[in-house]
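Notes for the one structure printed next.
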Amino acid sequence: MGRAGGAPPEVTRLALIWHQHQPCYADLRRGEAAMPWVRLHGVKDYWGMPALLREFPGVKAHVNLVPGLILQIEAAAGGMPDPWLRLARRPAEDLRPEEQKAILETFFMAQEDNLIRANARFGELLAKARGAARWRPEALSAEDWRDLQVWHNLAWFHPLLREEHPFVKELFAKQRGFTEAEKEGVLAAQREVLAGLVPAHRAMQDAGQIEITTTPYWHPILPLLCRMESARVAMTNVVLPKAPALDMEDDARAHLARAVALYRDRFGRDPRGLWPSEGSVSPEMVPLVEEAGFRWMASDEGVLEASLGADFHRDARGLYAPWLAGEKLAMVFRDHAVSDLVGFEYKRAKAEEAAHDLVARIRAAGPDALVTLALDGENAWEHYPGLGVPFLRAFYRRLEDAKDIRTVLLGDELAARPPTRPLKRLWSGSWIHRNFQIWVGHPEDNAGWELLGQARASLLAATTAAGCDPRVDPPPKALASIAQDGLAAAWESMFAAEGSDWFWWFGEEHYSPIAGIFDALFRAHLQNVYSALGLPAPAALLRPIKGTAAPAPSWTQPWALLDVKIDGRRSDYYEWISAGHYNAAKDTDVMDRSSAWIRDVFFGFDRRHLLVRVDASGPAKEGLLTRCVNLIFMNTDRQTVTIGAGGKASGCGATAAAGDILEIAVPLRELDLVPGENLEFFVEAAAGPASQRVPARMPISVKVPAEEDERVHWLV
């Protein structure tokens, strides 16, 4: 399996691409990071992904390290501060009330089941600190605070690292009663691991097991830099930003050149492959990519389908084949469905079952197929049991044992079997909905671009006046070496502002309780452009771009009590007319609606029960032969009702009936809720290794009615 060159044609060839990226959290002028995610993911995913691969030397993979991430990993290893690190270092006895509040609001920002509750003491601290309506700092002793400071950092260490690092292993065994010295020891271990990440990747590439790929310098949407009008290819009526200096092709060229230079410095060779930010491509960027020396780049199957139209096929001559873009640039396109199963679905399945299903899907592409599986290499695993280790081991073991599947490195494979068929037309789009809607067109996106364009106009004027252009210079050796003032410093902040992540959070497509921090960071990068030039920043940069309101829920509320017969039939038009209603087709957070089984959820109450109805894409009774439906209650100790074949219900004293629809009644007394309390729940349809959970982003939340509510519309 570990042979050089391309794979023989009689096997299915698999290219694995794990994409590692974080936005520029560092304020380049102040030398401080705004958030801790580089540190925390560093000791988990950035260390763990290559470590797991080393267990399976017959499996080859690509690891995409964004240049900006490399710089931030090295800065964190060198001790770059961030607010969370400062809170963790503070002696527990000296914490002020506002610091305690900040710790409670931030240190539990982790996947609850697999990062918090999986560690008994961390879960105990969460239960102790979290009240029904507010955090309870008064419930924590000095020992609790110190343990929380430790566990916030300790829980992120990868499961393999917990066994391999003696000090980390010792603290996991101890669980509680940590000292201030042990707390500092955890942070020192963190820096030690971070310092070894880039050398470890280089060693694996030199050994031939991985191919390290790269991305434009600070992860911009390169097609928009090359030509903003490219957004109109997929979105004819899109409203584009109106600002000077948004013709940014020279910046696009600089992002590519700096990526190559930084790669060459860290890994001792030139990169062969490019993962464009968000899989975003366009015809205008192809000559720039070739000019920078890349031999291949990757995108998404949706882009290939839009490029080929009726000629698109999911076979060894279509999706599962390399294509020629431009004169000599090879392109591969990831299998969207299979990649999304790993990213979003297999986390709910048993590891062996999911790995078996995944390998079967890869094998189904057939001999001589080149299957590309590409996705984020850091964000999925905390949602998997065991932080993804059981699944990845099961998957890699099957790949290593398979006689008819061979993992390949695309630099070798495409050199041995170069593409011969040209793409006559390359679509302009990304791996999300094959367009650029996430990053341009919404008033917030456009406001961001216009502020960027204004700052860039000032920067171009200063560059022209100086008679030199720092864009052609190599990237800085380290973030700490960036000067505070001058043209070079201004361009560094401009490159950071051109990154895609700020625009990801503008608009209504995505919501995060910390989206305001991303907004402030984007504006800080632009303010730093002006500061480096000795110019005052415009007042608009002092005001948030992002609207402060959370998105509206994707469901309506019930407005009266229900009178429902649990029989699995639409027996009476008025039976569910006053129920709350969730419709999966209107949930903007659902990534793929085409394979959804749950279509609608209706919910409400009678005097004694929560009542739930599930409408599916086919008769519920038939669907329950191959899947089960779970009601997962989030604020009642995660109680679960499961409905299996024949509509048989278990858990919480529930009853159910399945026919054309599924109807469920759950006694309120079993949920231990009182009138006026909110009930929060998800509905999940689990079918083998894949499942669907709705709503996609947040649970349905509904207030338990009081007796007198029967006579009024009891929810507004």
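In the structure tokens, chains take the letters A, B, ... in the order shown, each chain's residues start at 1, and ligands count up from 1 in the order shown.
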Residues at most 9 Å from Gly547 (chain A), counting only C-alpha atoms, excluding those fewer than 5 positions away in the same chain, as a PDB file with N, CA and C atoms, in the first residue's frame?
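Result file part-v8.pdb:
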```
ATOM      1  N   GLU A 444     -24.405  43.220   4.969  1.00  0.00           N
ATOM      2  CA  GLU A 444     -23.275  43.183   5.901  1.00  0.00           C
ATOM      3  C   GLU A 444     -21.987  42.785   5.186  1.00  0.00           C
ATOM      4  N   PHE A 506     -20.647  37.511   8.626  1.00  0.00           N
ATOM      5  CA  PHE A 506     -21.562  38.575   8.211  1.00  0.00           C
ATOM      6  C   PHE A 506     -22.755  37.945   7.497  1.00  0.00           C
ATOM      7  N   GLY A 507     -23.880  38.656   7.472  1.00  0.00           N
ATOM      8  CA  GLY A 507     -25.069  38.118   6.818  1.00  0.00           C
ATOM      9  C   GLY A 507     -25.841  37.196   7.735  1.00  0.00           C
ATOM     10  N   GLY A 516     -19.669  38.662  17.235  1.00  0.00           N
ATOM     11  CA  GLY A 516     -19.220  40.036  17.444  1.00  0.00           C
ATOM     12  C   GLY A 516     -17.712  40.148  17.564  1.00  0.00           C
TER      13      GLY A 516
END
```
**Item:** Distance query Gln209 (chain A) at most 7 Å, only C-alpha atoms, self and fewer than 6 positions along chain excluded, as JSON, numbers by chain
**Value:** {"A": [57, 60, 61]}
**Request:** Enumerate the residues of region 611-672 of chain A with a DSSP assignment of strand (DSSP E), computed from the backbone, and present them as a list of chain:residue names.
**Result:**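 Matching residues for strand (DSSP E) in region 611-672 of chain A are A:Leu611, A:Val612, A:Arg613, A:Val614, A:Asp615, A:Ala616, A:Cys628, A:Val629, A:Asn630, A:Leu631, A:Ile632, A:Phe633, A:Thr640, A:Val641, A:Thr642, A:Ile643, A:Ala649, A:Ser650, A:Thr655, A:Ala656, A:Ala657, A:Ala658, A:Leu662, A:Glu663, A:Ile664, A:Ala665, A:Val666, A:Pro667.
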**Request:** For Gln22 (chain A), work out the shell of residues within 12 Å, counting only C-alpha atoms and skipping chain neighbours fewer than 5 positions away, then give it as an NGL selection string.
**Result:** :A and (33 or 35-42 or 46 or 64-73 or 215 or 217-219 or 277 or 376-379 or 496 or 499-502 or 518)
Counting only C-alpha atoms, what are the residues of region 257-283 of chain A within 12 Å of region 414-437 of chain A, and for each of them which pair of atoms is the nearest and at what distance in Å, to one decimal? Sort the table by chain and rising number, as a tab-separated table.
```
residue	atom	partner	partner_atom	distance
A:Arg272	CA	A:Leu414	CA	10.3
A:Gly273	CA	A:Leu414	CA	10.5
A:Trp275	CA	A:Trp431	CA	11.2
A:Pro276	CA	A:Ser430	CA	9.0
A:Ser277	CA	A:Ser430	CA	8.4
A:Glu278	CA	A:Ser430	CA	5.9
A:Gly279	CA	A:Ser430	CA	5.0
A:Ser280	CA	A:Ser430	CA	4.0
A:Val281	CA	A:Ser428	CA	5.6
A:Ser282	CA	A:Ser428	CA	4.2
A:Pro283	CA	A:Leu426	CA	5.7
```
**Item:** Straight-line distance linking CA of Ala369 (chain A) with CA of Met297 (chain A), stated in Å to one decimal
**Value:**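 Between these atoms lies a distance of 17.8 Å.
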**Of the listed residues A:Arg570, A:Ala26, A:Gln639, A:Val666, that which approaches Met80 (chain A) most closely, counting only C-alpha atoms** =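 Smallest distance to Met80 (chain A) is found for A:Ala26.
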**Prompt:** In Å, how far is it from CA of Arg599 (chain A) to CA of Ala306 (chain A)?
**Reply:**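 That distance, rounded to one decimal, is 27.3 Å.
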**Asked** For Glu55 (chain A), which residue among A:Cys468, A:Val389, A:Ala380, A:Ala490 is the nearest when counting only C-alpha atoms?
**Response**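 Among A:Cys468, A:Val389, A:Ala380, A:Ala490, it is A:Val389 that comes nearest to Glu55 (chain A).
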**Asked** Can you tell me how far CA of Leu324 (chain A) sits from CA of Asp368 (chain A), in Å to one decimal?
**Response** 17.7 Å
**Item:** alpha helix (DSSP H) call set, DSSP backbone run, region 366-494 of chain A, as a PyMOL selection string
**Value:** chain A and resi 389-401+410-416+443-466+487-494
Rows by chain and residue number, region 292-406 of chain A within 8 Å of region 10-18 of chain A, shortest pair, only C-alpha atoms, as CSV:
```
residue,atom,partner,partner_atom,distance
A:Ile362,CA,A:Thr12,CA,7.7
A:Arg363,CA,A:Thr12,CA,6.5
A:Ala365,CA,A:Thr12,CA,7.2
A:Gly366,CA,A:Thr12,CA,6.0
A:Pro367,CA,A:Thr12,CA,4.7
A:Asp368,CA,A:Thr12,CA,5.4
A:Ala369,CA,A:Thr12,CA,5.1
A:Leu370,CA,A:Arg13,CA,4.7
A:Val371,CA,A:Leu14,CA,4.8
A:Thr372,CA,A:Ala15,CA,4.7
A:Leu373,CA,A:Leu16,CA,5.1
A:Ala374,CA,A:Ile17,CA,4.5
A:Leu375,CA,A:Trp18,CA,5.7
A:Asp376,CA,A:Trp18,CA,5.8
A:Gly377,CA,A:Trp18,CA,4.5
A:Lys403,CA,A:Val11,CA,7.8
A:Asp404,CA,A:Val11,CA,4.7
A:Ile405,CA,A:Thr12,CA,4.7
A:Arg406,CA,A:Arg13,CA,5.0
```
Export of prior selection with C-alpha atoms as a PDB file, in the first residue's frame:
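Saved the output as result.pdb:
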```
ATOM      1  CA  ILE A 362     -15.546   4.454  -1.696  1.00  0.00           C
ATOM      2  CA  ARG A 363     -15.321   0.951  -3.171  1.00  0.00           C
ATOM      3  CA  ALA A 365     -16.857   4.135  -7.212  1.00  0.00           C
ATOM      4  CA  GLY A 366     -15.261   1.168  -8.971  1.00  0.00           C
ATOM      5  CA  PRO A 367     -11.814   0.228 -10.265  1.00  0.00           C
ATOM      6  CA  ASP A 368      -9.802   2.990 -11.927  1.00  0.00           C
ATOM      7  CA  ALA A 369     -11.762   5.639  -9.999  1.00  0.00           C
ATOM      8  CA  LEU A 370      -9.908   8.433  -8.205  1.00  0.00           C
ATOM      9  CA  VAL A 371     -12.097   9.357  -5.228  1.00  0.00           C
ATOM     10  CA  THR A 372     -11.291  12.570  -3.349  1.00  0.00           C
ATOM     11  CA  LEU A 373     -12.494  12.911   0.227  1.00  0.00           C
ATOM     12  CA  ALA A 374     -11.824  16.420   1.556  1.00  0.00           C
ATOM     13  CA  LEU A 375     -13.089  18.219   4.642  1.00  0.00           C
ATOM     14  CA  ASP A 376     -12.087  20.213   7.697  1.00  0.00           C
ATOM     15  CA  GLY A 377      -9.616  18.200   9.742  1.00  0.00           C
ATOM     16  CA  LYS A 403      -6.706  -5.064  -1.586  1.00  0.00           C
ATOM     17  CA  ASP A 404      -8.880  -3.092  -4.002  1.00  0.00           C
ATOM     18  CA  ILE A 405      -8.480   0.419  -2.523  1.00  0.00           C
ATOM     19  CA  ARG A 406      -5.220   2.329  -2.412  1.00  0.00           C
TER      20      ARG A 406
END
```
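The closest residue to Met331 (chain A), picked from A:Asn119, A:Ser531, A:Ser299, A:Ser307 and counting only C-alpha atoms, is A:Ser299.
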**Residues near Glu184 (chain A), cut-off 12 Å, only C-alpha atoms, skip fewer than 3 positions along chain, as a PyMOL selection string** = chain A and resi 85-86+88-91+146+149-150+153-154+167-168+178-181+187-191
Mind dumping the selected residues with N, CA and C atoms as a PDB file, in the first residue's frame?
```
ATOM      1  N   LEU A  85      -6.164  32.808  27.973  1.00  0.00           N
ATOM      2  CA  LEU A  85      -4.917  32.375  28.598  1.00  0.00           C
ATOM      3  C   LEU A  85      -4.644  33.205  29.850  1.00  0.00           C
ATOM      4  N   ARG A  86      -4.917  34.493  29.758  1.00  0.00           N
ATOM      5  CA  ARG A  86      -4.727  35.371  30.904  1.00  0.00           C
ATOM      6  C   ARG A  86      -5.632  34.956  32.065  1.00  0.00           C
ATOM      7  N   ALA A  88      -6.814  31.951  32.569  1.00  0.00           N
ATOM      8  CA  ALA A  88      -6.362  30.651  33.070  1.00  0.00           C
ATOM      9  C   ALA A  88      -5.165  30.796  33.999  1.00  0.00           C
ATOM     10  N   ARG A  89      -4.328  31.794  33.755  1.00  0.00           N
ATOM     11  CA  ARG A  89      -3.105  31.968  34.543  1.00  0.00           C
ATOM     12  C   ARG A  89      -3.362  32.661  35.881  1.00  0.00           C
ATOM     13  N   ARG A  90      -4.452  33.349  35.983  1.00  0.00           N
ATOM     14  CA  ARG A  90      -4.741  34.118  37.195  1.00  0.00           C
ATOM     15  C   ARG A  90      -4.869  33.171  38.398  1.00  0.00           C
ATOM     16  N   PRO A  91      -4.165  33.423  39.520  1.00  0.00           N
ATOM     17  CA  PRO A  91      -4.339  32.567  40.704  1.00  0.00           C
ATOM     18  C   PRO A  91      -5.808  32.487  41.108  1.00  0.00           C
ATOM     19  N   ARG A 146      -9.751  26.671  40.323  1.00  0.00           N
ATOM     20  CA  ARG A 146      -8.450  26.235  39.800  1.00  0.00           C
ATOM     21  C   ARG A 146      -8.614  24.984  38.935  1.00  0.00           C
ATOM     22  N   GLN A 149      -9.897  26.089  35.614  1.00  0.00           N
ATOM     23  CA  GLN A 149      -8.842  26.680  34.795  1.00  0.00           C
ATOM     24  C   GLN A 149      -7.977  25.594  34.143  1.00  0.00           C
ATOM     25  N   VAL A 150      -7.715  24.533  34.888  1.00  0.00           N
ATOM     26  CA  VAL A 150      -6.917  23.433  34.347  1.00  0.00           C
ATOM     27  C   VAL A 150      -7.707  22.643  33.312  1.00  0.00           C
ATOM     28  N   ASN A 153      -8.175  23.731  29.678  1.00  0.00           N
ATOM     29  CA  ASN A 153      -7.040  23.464  28.790  1.00  0.00           C
ATOM     30  C   ASN A 153      -6.738  21.971  28.665  1.00  0.00           C
ATOM     31  N   LEU A 154      -6.880  21.233  29.747  1.00  0.00           N
ATOM     32  CA  LEU A 154      -6.504  19.820  29.760  1.00  0.00           C
ATOM     33  C   LEU A 154      -7.414  18.968  28.878  1.00  0.00           C
ATOM     34  N   PHE A 167       3.204  13.910  31.935  1.00  0.00           N
ATOM     35  CA  PHE A 167       2.590  14.895  32.827  1.00  0.00           C
ATOM     36  C   PHE A 167       1.097  15.015  32.558  1.00  0.00           C
ATOM     37  N   VAL A 168       0.717  15.052  31.281  1.00  0.00           N
ATOM     38  CA  VAL A 168      -0.702  15.128  30.938  1.00  0.00           C
ATOM     39  C   VAL A 168      -1.427  13.879  31.431  1.00  0.00           C
ATOM     40  N   PHE A 178      -6.037  20.288  41.688  1.00  0.00           N
ATOM     41  CA  PHE A 178      -4.802  20.698  41.029  1.00  0.00           C
ATOM     42  C   PHE A 178      -4.168  21.882  41.757  1.00  0.00           C
ATOM     43  N   THR A 179      -2.863  22.007  41.613  1.00  0.00           N
ATOM     44  CA  THR A 179      -2.124  23.122  42.196  1.00  0.00           C
ATOM     45  C   THR A 179      -1.862  24.185  41.135  1.00  0.00           C
ATOM     46  N   GLU A 180      -1.441  25.359  41.592  1.00  0.00           N
ATOM     47  CA  GLU A 180      -1.069  26.418  40.651  1.00  0.00           C
ATOM     48  C   GLU A 180       0.115  25.974  39.789  1.00  0.00           C
ATOM     49  N   ALA A 181       1.030  25.220  40.373  1.00  0.00           N
ATOM     50  CA  ALA A 181       2.179  24.731  39.599  1.00  0.00           C
ATOM     51  C   ALA A 181       1.723  23.756  38.513  1.00  0.00           C
ATOM     52  N   LEU A 187      -0.087  24.464  30.765  1.00  0.00           N
ATOM     53  CA  LEU A 187       0.155  25.473  29.735  1.00  0.00           C
ATOM     54  C   LEU A 187       1.539  25.296  29.104  1.00  0.00           C
ATOM     55  N   ALA A 188       2.517  24.874  29.903  1.00  0.00           N
ATOM     56  CA  ALA A 188       3.845  24.597  29.350  1.00  0.00           C
ATOM     57  C   ALA A 188       3.797  23.386  28.415  1.00  0.00           C
ATOM     58  N   ALA A 189       3.032  22.362  28.796  1.00  0.00           N
ATOM     59  CA  ALA A 189       2.880  21.189  27.927  1.00  0.00           C
ATOM     60  C   ALA A 189       2.213  21.576  26.617  1.00  0.00           C
ATOM     61  N   GLN A 190       1.271  22.489  26.708  1.00  0.00           N
ATOM     62  CA  GLN A 190       0.592  22.986  25.508  1.00  0.00           C
ATOM     63  C   GLN A 190       1.608  23.614  24.553  1.00  0.00           C
ATOM     64  N   ARG A 191       2.457  24.488  25.077  1.00  0.00           N
ATOM     65  CA  ARG A 191       3.462  25.150  24.232  1.00  0.00           C
ATOM     66  C   ARG A 191       4.444  24.134  23.654  1.00  0.00           C
TER      67      ARG A 191
END
```
**Request:** Find the spatial neighbours of Ile517 (chain A), counting only C-alpha atoms, within a cut-off of 12 Å - ignore same-chain residues fewer than 5 positions away - and output them as number ranges by chain.
**Result:** A: 23-27, 33-35, 501-502, 505-506, 512, 522-524, 544-546, 548
I'd like a table as CSV: residues in region 260-376 of chain A with an atom no more than 9 Å from region 670-688 of chain A, each row giving the shortest atom pair and its distance in Å to one decimal, only C-alpha atoms counted, sorted by chain and rising residue number.
```
residue,atom,partner,partner_atom,distance
A:Arg348,CA,A:Ala686,CA,8.0
A:Ala349,CA,A:Gly688,CA,6.8
A:Lys350,CA,A:Gly688,CA,8.7
A:Glu353,CA,A:Gly688,CA,7.6
A:Ala354,CA,A:Gly688,CA,8.0
A:Asp357,CA,A:Gly688,CA,8.8
```
**Message:** Between A:Val286, A:Val702, A:Arg608, A:Glu492, which residue has the minimum interatomic distance to Ala478 (chain A), considering only C-alpha atoms?
**Reply:**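 Looking at the shortest contact to Ala478 (chain A), the residue is A:Glu492.
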